[in-house]
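Enquirer: Would you mind keeping the following structure in view while I ask a few things?
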Amino acid sequence: MKVLWFHLMPYPELPEDFRAKHRSVWVDLDSGLLDPAIVADSYETYLDQLVHAEECGFDGLCVNEHHGNGYGLMPSPNLMASILANRTSRAGVVVLGNSVALYNPPTRVAEEMAMLDLLSRGRLVSGFPVGTAMDTAYAYGQNPGTLRAKYYEAIELILKAWTTPEPFAFNGRFTKQRWVNIWPRPMQQPHPPVWIPGGGSVETWDLCADNDFVYAALSYYGHLVGKEAMDGFWATVEQAGKDDNPYRAGFLQFVGVADTDAEAYRLYREPAEYFFQRCLHFYPGFVDPPGYSSEASVRRKLKSAVRSAAMKTQASGGPSWDEMLERGYVVIGSPDTVREKLIDIARTLHVGHLMTLLHFGNMGDELARHNTELFGRKVLPGLQQLWPDHTDHWWPANAG
Amino acid sequence: MPADPARTLIYLPGLAGDPGSSPALAGLEDGGWTVVRPSLPGFDGESGFRCPSDHLGWLTALWDAVDATGAGPCPVIGASVGGMLAADLAVFRPEMVTRLALLAPFGIFDEAHPGLDPYSVPTPARLEPLFAGGVPEAFGRRFAEKGEEAPVSRYLSDIAAASLIWPVGDRGLADRIHRIRCPRLVLWGAEDKIIPVGTAGRWGDHTVIDGAGHLLEWDRPDQVGSALREFLTP
């Protein structure tokens with residue numbers, strides 16, 4: 001199994017009464033809460049943590065894109081990825097990713113991803129999320145009713161820009177370009193691996209299964225909610241007549257390792273509560289604009305009791321620490337406990353890429369490094385041995 | 001009995017669609033008017049709705065829907081998003097519109113009066129700010145006849161309305177309303193939270209209806225109905 005170190009880069013100093021005094025961490029967040037000096041220091045610390053993760057043996061380093069929020073300070077993950085490309089030499093640089101429907105023309109994404117692939121000497125994984133409703137429909141003003149169609153078209157254009165040797169004309173519904181001929185082209189041929197971050201929409205399963213893209217399930221609500229999404233994905237893969245190579249899929253998991261279970265319970269409570277109670281404090285009005293979910297996904301959501309329970313808890317003040325653990329939102333414990341649990345999750349969900357969040361919320365640098373080192377020494381080797389009979393066709397050849 | 005062409009009008013509803021005749025429209029029907037409702041894509045909540053790519057796509061859908069009714073030339077009443085479409089009908093197909101009544105139309109966005117983004121209101125409460133006097137019962141029953149499918153139909157219908165005005169309800173009408181040649185009536189609710197009455201002046205002469213919100217024909221049916229009757233019967 002490939003194990004990745006994922007950084008959300010949250011703003012670390014949202015006030016304790018944030019939930020009571022502010023309606024949302026996203027879209028209309030009070031800029032008075034933001035101290036640029038804290039962000040500058042955080043960027044430096046967070047980038048060092050990612051570099052450190054490579055030193056600790058992680059296979060890949062993940063960054064992602066969000067807008068207008070205190071939950072993740074990366075409107076441009078490509079800026080962060082370019083620094084990582086330069087400061088690291090082995091790990092995959094996993095950009096999860098660029099919300100391609102936001103860019104006009106999306107050719108810009110094809111160009112920047114090509115640059116990142118070259119800067120990293122062929123270590124790029126290129127992620128194409130639809131993007132959250134808050135990022136796309138509200139912060140970037142995209143019509144949710146046409147967002148997904150625009151997204152599909154953008155992926156088509158990017159793949160064509162990477163792989164078509166001659167200049168070509170693109171006459172899409174949303175993007176029209178008479179001359180597409182990007183320079184430079186990616187180092188990986190025909191193109192870097194494509195991963196699609198998803199939250200359980202039916203169309204994303206189809207997109208991944210039909211095109212042999214990796215489905216990277218980014219649920220913060222643990223493997224129980226994740227299982228619904230992964231089961232749906234694997235059923236779609238089977239219907240498409242494709243093999244069940246676990247490397248077709250990835251799963252995100254919060255993890256906290258300590259010398260003992262009891263110590264882990266003590267150490268990781270505060271940063272986990274910060275994340276679930278402040279970083280996920282969304283105003284419900286910004287979550288589901290008309291059209292963001294497709295008709296099929298609306299039907300599925302209406303039937304999903306597990307998802308509905310998670311959303312209700314989140315809306316009513318966020319889960320308690322014990323609820324987070326009981327529901328598997330956060331996996332904590334001694335190295336043995338964590339390894340056993342993560343192997344069980346990987347096998348249950350049948351995933352070959354595990355994206356770990358070992359820094360979350362307002363976790364201090366010292367604890368994040370301790371978590372990463374302990375995981376790297378005592379958990380990682382056991383996980384990397386999983387799935388020995390399968391080949392990862394979705395991993396850059398130049399990444400170690 | 002076939003409708004009297006001289007007493008036929010077209011009505012284009014606003015956000016939240018058309019859950020049956022408002023008392024204001026019912027009053028016109030009682031007065032002998034035949035109200036024709038073109039069926040715009042998505043507003044019927046039917047499965048398989050594909051959102052038009054842009055405003056021109058919506059206008060094309062509108063032309064098709066209007067032509068399918070066989071009505072016109074005739075008066076056109078448009079409310080909210082329907083007002084925006086009605087105004088463009090009068091701009092681009094002036095031969096179809098003999099008189100134009102606009103009830104708090106979208107189409108011109110005034111940054112000085114941004115109003116409330118109706119799609120930033122959580123779904124269960126989204127209808128409330130459209131009215132000054134509470135959500136009429138007819139809207140509470142939207143698509144109730146579809147049973148378990150009702151939430152899906154409501155969602156699809158909302159996609160249609162939202163996509164007409166996303167991200168702000170401006171589709172360049174300020175640059176072309178000078179082309180409207182037919183007689184025009186503009187009514188606006190004094191308590192419109194969605195498009196505050198401060199925007200109304202951008203449409204020229206207008207009448208403000210006290211105690212009315214965005215969907216003013218539901219909030220103040222008597223005043224709106226009376227103004228419409230007077231306007232339609234010169």
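Letters A, B, ... go to the chains of the structure tokens in the order shown; residues in each chain start at 1; ligands are counted from 1 in the same order.
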Select all residues from chain B having any atom no more than 10 Å from an atom of chain A (counting only C-alpha atoms, ignoring ligands), output as a ChimeraX atom specification.

Expert: /B:47-54,117-126,149,151-168

Enquirer: Please dump the current selection as a PDB file, in the first residue's frame; keep C-alpha atoms.

Expert:
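again-v7.pdb, written as the output of this step:
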```pdb
ATOM      1  CA  SER B  47     -36.506  13.896 -13.926  1.00  0.00           C
ATOM      2  CA  GLY B  48     -33.668  14.394 -16.413  1.00  0.00           C
ATOM      3  CA  PHE B  49     -33.450  18.178 -16.365  1.00  0.00           C
ATOM      4  CA  ARG B  50     -30.312  19.444 -18.123  1.00  0.00           C
ATOM      5  CA  CYS B  51     -29.426  22.997 -17.232  1.00  0.00           C
ATOM      6  CA  PRO B  52     -28.897  25.349 -20.213  1.00  0.00           C
ATOM      7  CA  SER B  53     -25.303  26.520 -20.520  1.00  0.00           C
ATOM      8  CA  ASP B  54     -25.966  30.236 -20.402  1.00  0.00           C
ATOM      9  CA  ASP B 117     -28.625  35.742  -1.592  1.00  0.00           C
ATOM     10  CA  PRO B 118     -31.620  33.380  -1.551  1.00  0.00           C
ATOM     11  CA  TYR B 119     -29.309  30.433  -2.063  1.00  0.00           C
ATOM     12  CA  SER B 120     -27.300  31.202   1.033  1.00  0.00           C
ATOM     13  CA  VAL B 121     -30.376  30.361   3.089  1.00  0.00           C
ATOM     14  CA  PRO B 122     -30.436  26.757   4.344  1.00  0.00           C
ATOM     15  CA  THR B 123     -32.715  24.663   2.164  1.00  0.00           C
ATOM     16  CA  PRO B 124     -35.545  24.098   4.655  1.00  0.00           C
ATOM     17  CA  ALA B 125     -35.944  27.841   5.209  1.00  0.00           C
ATOM     18  CA  ARG B 126     -35.186  29.018   1.677  1.00  0.00           C
ATOM     19  CA  GLU B 149     -40.266  12.005  -5.206  1.00  0.00           C
ATOM     20  CA  PRO B 151     -37.908  16.398  -2.460  1.00  0.00           C
ATOM     21  CA  VAL B 152     -36.174  15.468  -5.713  1.00  0.00           C
ATOM     22  CA  SER B 153     -38.675  17.478  -7.772  1.00  0.00           C
ATOM     23  CA  ARG B 154     -38.301  20.494  -5.501  1.00  0.00           C
ATOM     24  CA  TYR B 155     -34.529  20.231  -5.843  1.00  0.00           C
ATOM     25  CA  LEU B 156     -34.671  20.027  -9.644  1.00  0.00           C
ATOM     26  CA  SER B 157     -37.046  22.966  -9.822  1.00  0.00           C
ATOM     27  CA  ASP B 158     -34.721  24.977  -7.598  1.00  0.00           C
ATOM     28  CA  ILE B 159     -31.810  24.187  -9.940  1.00  0.00           C
ATOM     29  CA  ALA B 160     -33.704  25.770 -12.810  1.00  0.00           C
ATOM     30  CA  ALA B 161     -34.535  28.934 -10.890  1.00  0.00           C
ATOM     31  CA  ALA B 162     -31.083  29.246  -9.327  1.00  0.00           C
ATOM     32  CA  SER B 163     -29.234  28.767 -12.573  1.00  0.00           C
ATOM     33  CA  LEU B 164     -31.129  31.674 -14.103  1.00  0.00           C
ATOM     34  CA  ILE B 165     -29.587  34.095 -11.632  1.00  0.00           C
ATOM     35  CA  TRP B 166     -26.380  32.476 -10.359  1.00  0.00           C
ATOM     36  CA  PRO B 167     -24.145  33.990  -8.967  1.00  0.00           C
ATOM     37  CA  VAL B 168     -25.896  37.357  -9.021  1.00  0.00           C
TER      38      VAL B 168
END
```

Enquirer: Hey, what does DSSP flag as strand (DSSP E or B) within segment 74-229 of chain B? Can you give it to me as a list in words?

Expert: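 So the strand (DSSP E or B) residues in segment 74-229 of chain B would be Cys74, Pro75, Val76, Ile77, Gly78, Ala79, Val97, Thr98, Arg99, Leu100, Ala101, Leu102, Leu103, Gly107, Asp170, Arg184, Leu185, Val186, Leu187, Trp188, Gly189, Thr207, Val208 and Ile209 of chain B.
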
Enquirer: Emit the selected residues as a compact mmCIF listing (two decimals), in the first residue's frame, including N, CA and C atoms.

Expert:
```
# COMPACT_ATOMS: atom_id res chain seq x y z
N CYS B 74 -49.54 39.23 -27.05
CA CYS B 74 -50.43 39.44 -25.90
C CYS B 74 -49.65 40.11 -24.78
N PRO B 75 -50.33 40.51 -23.72
CA PRO B 75 -49.61 41.02 -22.55
C PRO B 75 -48.81 39.91 -21.88
N VAL B 76 -47.70 40.30 -21.26
CA VAL B 76 -46.87 39.34 -20.54
C VAL B 76 -46.62 39.88 -19.13
N ILE B 77 -46.85 39.01 -18.15
CA ILE B 77 -46.54 39.35 -16.75
C ILE B 77 -45.40 38.44 -16.31
N GLY B 78 -44.35 39.03 -15.77
CA GLY B 78 -43.24 38.23 -15.29
C GLY B 78 -42.85 38.65 -13.89
N ALA B 79 -42.64 37.66 -13.03
CA ALA B 79 -42.27 37.94 -11.64
C ALA B 79 -40.87 37.41 -11.36
N VAL B 97 -45.05 40.86 -27.50
CA VAL B 97 -45.45 41.43 -26.21
C VAL B 97 -46.18 42.75 -26.44
N THR B 98 -47.46 42.78 -26.11
CA THR B 98 -48.22 44.01 -26.32
C THR B 98 -48.15 44.93 -25.10
N ARG B 99 -48.07 44.34 -23.91
CA ARG B 99 -47.91 45.11 -22.68
C ARG B 99 -47.06 44.26 -21.75
N LEU B 100 -46.22 44.91 -20.96
CA LEU B 100 -45.27 44.16 -20.14
C LEU B 100 -45.39 44.58 -18.67
N ALA B 101 -45.76 43.62 -17.82
CA ALA B 101 -45.84 43.90 -16.37
C ALA B 101 -44.74 43.13 -15.67
N LEU B 102 -43.89 43.85 -14.97
CA LEU B 102 -42.74 43.24 -14.29
C LEU B 102 -42.92 43.39 -12.79
N LEU B 103 -42.85 42.26 -12.09
CA LEU B 103 -42.98 42.28 -10.64
C LEU B 103 -41.62 41.94 -10.03
N GLY B 107 -32.34 40.62 -13.26
CA GLY B 107 -31.79 41.01 -14.56
C GLY B 107 -30.85 42.20 -14.46
N ASP B 170 -27.82 39.31 -12.53
CA ASP B 170 -27.62 40.31 -13.57
C ASP B 170 -27.33 39.61 -14.89
N ARG B 184 -45.19 49.59 -20.22
CA ARG B 184 -44.52 48.80 -19.19
C ARG B 184 -45.02 49.21 -17.81
N LEU B 185 -45.25 48.22 -16.96
CA LEU B 185 -45.60 48.46 -15.55
C LEU B 185 -44.55 47.75 -14.70
N VAL B 186 -43.97 48.47 -13.75
CA VAL B 186 -43.00 47.83 -12.85
C VAL B 186 -43.51 48.00 -11.42
N LEU B 187 -43.72 46.87 -10.75
CA LEU B 187 -44.18 46.88 -9.35
C LEU B 187 -43.07 46.28 -8.48
N TRP B 188 -42.92 46.82 -7.30
CA TRP B 188 -41.86 46.32 -6.41
C TRP B 188 -42.37 46.29 -4.97
N GLY B 189 -42.04 45.25 -4.24
CA GLY B 189 -42.41 45.15 -2.83
C GLY B 189 -41.50 46.02 -1.97
N THR B 207 -43.87 51.38 -9.26
CA THR B 207 -44.79 51.59 -8.14
C THR B 207 -44.38 50.65 -7.01
N VAL B 208 -44.27 51.21 -5.81
CA VAL B 208 -43.87 50.41 -4.66
C VAL B 208 -45.13 49.96 -3.91
N ILE B 209 -45.15 48.67 -3.60
CA ILE B 209 -46.31 48.10 -2.89
C ILE B 209 -45.92 47.89 -1.42
```

Enquirer: Please return, as number ranges by chain, all residues of segment 303-366 of chain A that DSSP assigns to alpha helix (DSSP H) on the basis of the backbone.

Expert: A: 303, 305-315, 321-326, 335-349, 365-366

Enquirer: Considering only C-alpha atoms, return as a PDB file with all heavy atoms, in the first residue's frame whatever protein or nucleic-acid residues lie within 10 Å of segment 222-224 of chain B, sequence-local ones (same chain, fewer than 2 positions apart) excluded.

Expert:
```pdb
ATOM      1  N   PRO B  23     -53.614  34.501  -5.709  1.00  0.00           N
ATOM      2  CA  PRO B  23     -54.910  35.206  -5.699  1.00  0.00           C
ATOM      3  C   PRO B  23     -54.942  36.364  -6.695  1.00  0.00           C
ATOM      4  O   PRO B  23     -55.987  36.648  -7.280  1.00  0.00           O
ATOM      5  CB  PRO B  23     -55.017  35.705  -4.251  1.00  0.00           C
ATOM      6  CG  PRO B  23     -54.167  34.753  -3.458  1.00  0.00           C
ATOM      7  CD  PRO B  23     -53.041  34.355  -4.371  1.00  0.00           C
ATOM      8  N   ALA B  24     -53.785  37.003  -6.911  1.00  0.00           N
ATOM      9  CA  ALA B  24     -53.768  38.120  -7.866  1.00  0.00           C
ATOM     10  C   ALA B  24     -54.070  37.629  -9.275  1.00  0.00           C
ATOM     11  O   ALA B  24     -54.864  38.229 -10.011  1.00  0.00           O
ATOM     12  CB  ALA B  24     -52.398  38.810  -7.827  1.00  0.00           C
ATOM     13  N   LEU B  25     -53.446  36.502  -9.669  1.00  0.00           N
ATOM     14  CA  LEU B  25     -53.686  35.939 -11.006  1.00  0.00           C
ATOM     15  C   LEU B  25     -55.100  35.366 -11.093  1.00  0.00           C
ATOM     16  O   LEU B  25     -55.772  35.472 -12.127  1.00  0.00           O
ATOM     17  CB  LEU B  25     -52.659  34.852 -11.306  1.00  0.00           C
ATOM     18  CG  LEU B  25     -51.350  35.250 -12.007  1.00  0.00           C
ATOM     19  CD1 LEU B  25     -51.619  35.608 -13.462  1.00  0.00           C
ATOM     20  CD2 LEU B  25     -50.641  36.406 -11.310  1.00  0.00           C
ATOM     21  N   GLY B  27     -57.635  36.441  -9.637  1.00  0.00           N
ATOM     22  CA  GLY B  27     -58.545  37.570  -9.823  1.00  0.00           C
ATOM     23  C   GLY B  27     -58.650  37.958 -11.292  1.00  0.00           C
ATOM     24  O   GLY B  27     -59.739  38.279 -11.791  1.00  0.00           O
ATOM     25  N   LEU B 103     -42.846  42.261 -12.087  1.00  0.00           N
ATOM     26  CA  LEU B 103     -42.981  42.278 -10.638  1.00  0.00           C
ATOM     27  C   LEU B 103     -41.616  41.937 -10.034  1.00  0.00           C
ATOM     28  O   LEU B 103     -41.176  40.791 -10.070  1.00  0.00           O
ATOM     29  CB  LEU B 103     -44.017  41.248 -10.179  1.00  0.00           C
ATOM     30  CG  LEU B 103     -45.342  41.203 -10.969  1.00  0.00           C
ATOM     31  CD1 LEU B 103     -46.276  40.141 -10.392  1.00  0.00           C
ATOM     32  CD2 LEU B 103     -46.028  42.567 -10.956  1.00  0.00           C
ATOM     33  N   LEU B 187     -43.722  46.873 -10.749  1.00  0.00           N
ATOM     34  CA  LEU B 187     -44.177  46.884  -9.354  1.00  0.00           C
ATOM     35  C   LEU B 187     -43.075  46.282  -8.480  1.00  0.00           C
ATOM     36  O   LEU B 187     -42.407  45.325  -8.892  1.00  0.00           O
ATOM     37  CB  LEU B 187     -45.456  46.060  -9.188  1.00  0.00           C
ATOM     38  CG  LEU B 187     -46.668  46.437 -10.048  1.00  0.00           C
ATOM     39  CD1 LEU B 187     -47.834  45.476  -9.768  1.00  0.00           C
ATOM     40  CD2 LEU B 187     -47.090  47.881  -9.783  1.00  0.00           C
ATOM     41  N   TRP B 188     -42.925  46.822  -7.297  1.00  0.00           N
ATOM     42  CA  TRP B 188     -41.865  46.322  -6.409  1.00  0.00           C
ATOM     43  C   TRP B 188     -42.367  46.292  -4.966  1.00  0.00           C
ATOM     44  O   TRP B 188     -43.039  47.224  -4.523  1.00  0.00           O
ATOM     45  CB  TRP B 188     -40.650  47.262  -6.474  1.00  0.00           C
ATOM     46  CG  TRP B 188     -39.357  46.494  -6.509  1.00  0.00           C
ATOM     47  CD1 TRP B 188     -38.737  45.877  -5.454  1.00  0.00           C
ATOM     48  CD2 TRP B 188     -38.543  46.249  -7.658  1.00  0.00           C
ATOM     49  NE1 TRP B 188     -37.583  45.266  -5.883  1.00  0.00           N
ATOM     50  CE2 TRP B 188     -37.431  45.480  -7.235  1.00  0.00           C
ATOM     51  CE3 TRP B 188     -38.639  46.599  -9.003  1.00  0.00           C
ATOM     52  CZ2 TRP B 188     -36.435  45.059  -8.109  1.00  0.00           C
ATOM     53  CZ3 TRP B 188     -37.643  46.191  -9.863  1.00  0.00           C
ATOM     54  CH2 TRP B 188     -36.552  45.416  -9.412  1.00  0.00           C
ATOM     55  N   GLY B 189     -42.038  45.248  -4.237  1.00  0.00           N
ATOM     56  CA  GLY B 189     -42.405  45.152  -2.831  1.00  0.00           C
ATOM     57  C   GLY B 189     -41.501  46.023  -1.971  1.00  0.00           C
ATOM     58  O   GLY B 189     -40.275  45.964  -2.112  1.00  0.00           O
ATOM     59  N   THR B 207     -43.871  51.376  -9.263  1.00  0.00           N
ATOM     60  CA  THR B 207     -44.786  51.588  -8.143  1.00  0.00           C
ATOM     61  C   THR B 207     -44.378  50.651  -7.009  1.00  0.00           C
ATOM     62  O   THR B 207     -44.160  49.455  -7.238  1.00  0.00           O
ATOM     63  CB  THR B 207     -46.238  51.266  -8.559  1.00  0.00           C
ATOM     64  OG1 THR B 207     -46.573  52.110  -9.666  1.00  0.00           O
ATOM     65  CG2 THR B 207     -47.202  51.473  -7.413  1.00  0.00           C
ATOM     66  N   ILE B 209     -45.155  48.668  -3.601  1.00  0.00           N
ATOM     67  CA  ILE B 209     -46.312  48.101  -2.885  1.00  0.00           C
ATOM     68  C   ILE B 209     -45.920  47.886  -1.418  1.00  0.00           C
ATOM     69  O   ILE B 209     -45.039  47.073  -1.117  1.00  0.00           O
ATOM     70  CB  ILE B 209     -46.733  46.742  -3.507  1.00  0.00           C
ATOM     71  CG1 ILE B 209     -46.963  46.873  -5.019  1.00  0.00           C
ATOM     72  CG2 ILE B 209     -47.956  46.165  -2.784  1.00  0.00           C
ATOM     73  CD1 ILE B 209     -48.178  47.670  -5.422  1.00  0.00           C
ATOM     74  N   ASP B 210     -46.552  48.616  -0.542  1.00  0.00           N
ATOM     75  CA  ASP B 210     -46.239  48.483   0.890  1.00  0.00           C
ATOM     76  C   ASP B 210     -46.613  47.094   1.404  1.00  0.00           C
ATOM     77  O   ASP B 210     -47.593  46.491   0.964  1.00  0.00           O
ATOM     78  CB  ASP B 210     -47.009  49.542   1.694  1.00  0.00           C
ATOM     79  CG  ASP B 210     -46.423  50.931   1.466  1.00  0.00           C
ATOM     80  OD1 ASP B 210     -45.224  51.007   1.096  1.00  0.00           O
ATOM     81  OD2 ASP B 210     -47.166  51.907   1.624  1.00  0.00           O
ATOM     82  N   ALA B 212     -45.219  44.315   0.989  1.00  0.00           N
ATOM     83  CA  ALA B 212     -44.972  43.179   0.100  1.00  0.00           C
ATOM     84  C   ALA B 212     -43.483  42.853   0.051  1.00  0.00           C
ATOM     85  O   ALA B 212     -42.633  43.742   0.102  1.00  0.00           O
ATOM     86  CB  ALA B 212     -45.470  43.485  -1.308  1.00  0.00           C
ATOM     87  N   LEU B 216     -44.390  39.570  -4.663  1.00  0.00           N
ATOM     88  CA  LEU B 216     -45.392  40.510  -4.162  1.00  0.00           C
ATOM     89  C   LEU B 216     -46.813  40.144  -4.552  1.00  0.00           C
ATOM     90  O   LEU B 216     -47.765  40.514  -3.868  1.00  0.00           O
ATOM     91  CB  LEU B 216     -45.053  41.937  -4.579  1.00  0.00           C
ATOM     92  CG  LEU B 216     -44.879  42.288  -6.034  1.00  0.00           C
ATOM     93  CD1 LEU B 216     -44.976  43.808  -6.177  1.00  0.00           C
ATOM     94  CD2 LEU B 216     -43.516  41.885  -6.550  1.00  0.00           C
ATOM     95  N   GLU B 217     -46.977  39.398  -5.659  1.00  0.00           N
ATOM     96  CA  GLU B 217     -48.343  39.050  -6.053  1.00  0.00           C
ATOM     97  C   GLU B 217     -48.967  38.075  -5.054  1.00  0.00           C
ATOM     98  O   GLU B 217     -50.186  37.920  -5.018  1.00  0.00           O
ATOM     99  CB  GLU B 217     -48.374  38.477  -7.478  1.00  0.00           C
ATOM    100  CG  GLU B 217     -47.836  37.069  -7.654  1.00  0.00           C
ATOM    101  CD  GLU B 217     -46.341  37.035  -7.945  1.00  0.00           C
ATOM    102  OE1 GLU B 217     -45.631  37.884  -7.394  1.00  0.00           O
ATOM    103  OE2 GLU B 217     -45.891  36.156  -8.690  1.00  0.00           O
ATOM    104  N   TRP B 218     -48.131  37.420  -4.248  1.00  0.00           N
ATOM    105  CA  TRP B 218     -48.651  36.547  -3.200  1.00  0.00           C
ATOM    106  C   TRP B 218     -48.852  37.305  -1.893  1.00  0.00           C
ATOM    107  O   TRP B 218     -49.772  37.013  -1.131  1.00  0.00           O
ATOM    108  CB  TRP B 218     -47.691  35.374  -2.969  1.00  0.00           C
ATOM    109  CG  TRP B 218     -47.672  34.411  -4.116  1.00  0.00           C
ATOM    110  CD1 TRP B 218     -46.914  34.495  -5.242  1.00  0.00           C
ATOM    111  CD2 TRP B 218     -48.494  33.255  -4.259  1.00  0.00           C
ATOM    112  NE1 TRP B 218     -47.198  33.450  -6.077  1.00  0.00           N
ATOM    113  CE2 TRP B 218     -48.158  32.667  -5.498  1.00  0.00           C
ATOM    114  CE3 TRP B 218     -49.468  32.647  -3.464  1.00  0.00           C
ATOM    115  CZ2 TRP B 218     -48.765  31.506  -5.972  1.00  0.00           C
ATOM    116  CZ3 TRP B 218     -50.066  31.490  -3.926  1.00  0.00           C
ATOM    117  CH2 TRP B 218     -49.724  30.926  -5.169  1.00  0.00           C
ATOM    118  N   ASP B 219     -47.949  38.260  -1.635  1.00  0.00           N
ATOM    119  CA  ASP B 219     -48.037  39.000  -0.378  1.00  0.00           C
ATOM    120  C   ASP B 219     -49.183  40.011  -0.373  1.00  0.00           C
ATOM    121  O   ASP B 219     -49.844  40.218   0.638  1.00  0.00           O
ATOM    122  CB  ASP B 219     -46.728  39.763  -0.119  1.00  0.00           C
ATOM    123  CG  ASP B 219     -45.668  38.905   0.550  1.00  0.00           C
ATOM    124  OD1 ASP B 219     -46.052  37.958   1.274  1.00  0.00           O
ATOM    125  OD2 ASP B 219     -44.470  39.178   0.365  1.00  0.00           O
ATOM    126  N   ARG B 220     -49.377  40.683  -1.481  1.00  0.00           N
ATOM    127  CA  ARG B 220     -50.398  41.741  -1.549  1.00  0.00           C
ATOM    128  C   ARG B 220     -51.240  41.543  -2.814  1.00  0.00           C
ATOM    129  O   ARG B 220     -51.192  42.341  -3.765  1.00  0.00           O
ATOM    130  CB  ARG B 220     -49.728  43.128  -1.569  1.00  0.00           C
ATOM    131  CG  ARG B 220     -49.199  43.566  -0.211  1.00  0.00           C
ATOM    132  CD  ARG B 220     -50.361  43.901   0.749  1.00  0.00           C
ATOM    133  NE  ARG B 220     -49.905  44.286   2.056  1.00  0.00           N
ATOM    134  CZ  ARG B 220     -49.756  43.435   3.081  1.00  0.00           C
ATOM    135  NH1 ARG B 220     -50.010  42.145   2.908  1.00  0.00           N
ATOM    136  NH2 ARG B 220     -49.385  43.869   4.257  1.00  0.00           N
ATOM    137  N   SER B 226     -55.107  44.644  -8.538  1.00  0.00           N
ATOM    138  CA  SER B 226     -55.766  45.876  -8.979  1.00  0.00           C
ATOM    139  C   SER B 226     -54.870  46.643  -9.962  1.00  0.00           C
ATOM    140  O   SER B 226     -55.324  47.119 -11.011  1.00  0.00           O
ATOM    141  CB  SER B 226     -56.079  46.708  -7.728  1.00  0.00           C
ATOM    142  OG  SER B 226     -56.324  48.011  -8.071  1.00  0.00           O
ATOM    143  N   ALA B 227     -53.557  46.737  -9.635  1.00  0.00           N
ATOM    144  CA  ALA B 227     -52.632  47.443 -10.530  1.00  0.00           C
ATOM    145  C   ALA B 227     -52.544  46.728 -11.876  1.00  0.00           C
ATOM    146  O   ALA B 227     -52.498  47.374 -12.935  1.00  0.00           O
ATOM    147  CB  ALA B 227     -51.252  47.531  -9.886  1.00  0.00           C
ATOM    148  N   LEU B 228     -52.532  45.415 -11.855  1.00  0.00           N
ATOM    149  CA  LEU B 228     -52.452  44.648 -13.105  1.00  0.00           C
ATOM    150  C   LEU B 228     -53.713  44.833 -13.941  1.00  0.00           C
ATOM    151  O   LEU B 228     -53.640  45.044 -15.162  1.00  0.00           O
ATOM    152  CB  LEU B 228     -52.228  43.159 -12.806  1.00  0.00           C
ATOM    153  CG  LEU B 228     -50.839  42.770 -12.277  1.00  0.00           C
ATOM    154  CD1 LEU B 228     -50.807  41.295 -11.850  1.00  0.00           C
ATOM    155  CD2 LEU B 228     -49.755  43.039 -13.319  1.00  0.00           C
ATOM    156  N   ARG B 229     -54.868  44.770 -13.285  1.00  0.00           N
ATOM    157  CA  ARG B 229     -56.137  44.923 -14.023  1.00  0.00           C
ATOM    158  C   ARG B 229     -56.191  46.276 -14.719  1.00  0.00           C
ATOM    159  O   ARG B 229     -56.539  46.392 -15.886  1.00  0.00           O
ATOM    160  CB  ARG B 229     -57.318  44.787 -13.057  1.00  0.00           C
ATOM    161  CG  ARG B 229     -57.865  43.357 -12.948  1.00  0.00           C
ATOM    162  CD  ARG B 229     -59.216  43.334 -12.252  1.00  0.00           C
ATOM    163  NE  ARG B 229     -59.195  43.970 -10.946  1.00  0.00           N
ATOM    164  CZ  ARG B 229     -58.751  43.393  -9.838  1.00  0.00           C
ATOM    165  NH1 ARG B 229     -58.296  42.159  -9.876  1.00  0.00           N
ATOM    166  NH2 ARG B 229     -58.760  44.036  -8.693  1.00  0.00           N
ATOM    167  N   GLU B 230     -55.788  47.286 -13.965  1.00  0.00           N
ATOM    168  CA  GLU B 230     -55.820  48.648 -14.516  1.00  0.00           C
ATOM    169  C   GLU B 230     -54.868  48.765 -15.708  1.00  0.00           C
ATOM    170  O   GLU B 230     -55.192  49.358 -16.729  1.00  0.00           O
ATOM    171  CB  GLU B 230     -55.403  49.624 -13.411  1.00  0.00           C
ATOM    172  CG  GLU B 230     -55.642  51.069 -13.745  1.00  0.00           C
ATOM    173  CD  GLU B 230     -55.223  51.972 -12.582  1.00  0.00           C
ATOM    174  OE1 GLU B 230     -55.442  51.570 -11.411  1.00  0.00           O
ATOM    175  OE2 GLU B 230     -54.649  53.030 -12.859  1.00  0.00           O
TER     176      GLU B 230
END
```

Enquirer: Could you tell me which of B:Cys182, B:Leu28, B:Ile195, B:Leu130 comes closest to Ala90 of chain B if we count only C-alpha atoms?

Expert: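 Counting only C-alpha atoms, the residue closest to Ala90 of chain B is B:Cys182.
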
Enquirer: Please determine, counting only C-alpha atoms, which residue among A:Tyr11, A:Trp395, A:Phe168, A:Phe276 has the shortest atom-to-atom distance to Ala40 of chain A.

Expert: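 Going through A:Tyr11, A:Trp395, A:Phe168, A:Phe276 one by one, the smallest distance to Ala40 of chain A is for A:Tyr11.
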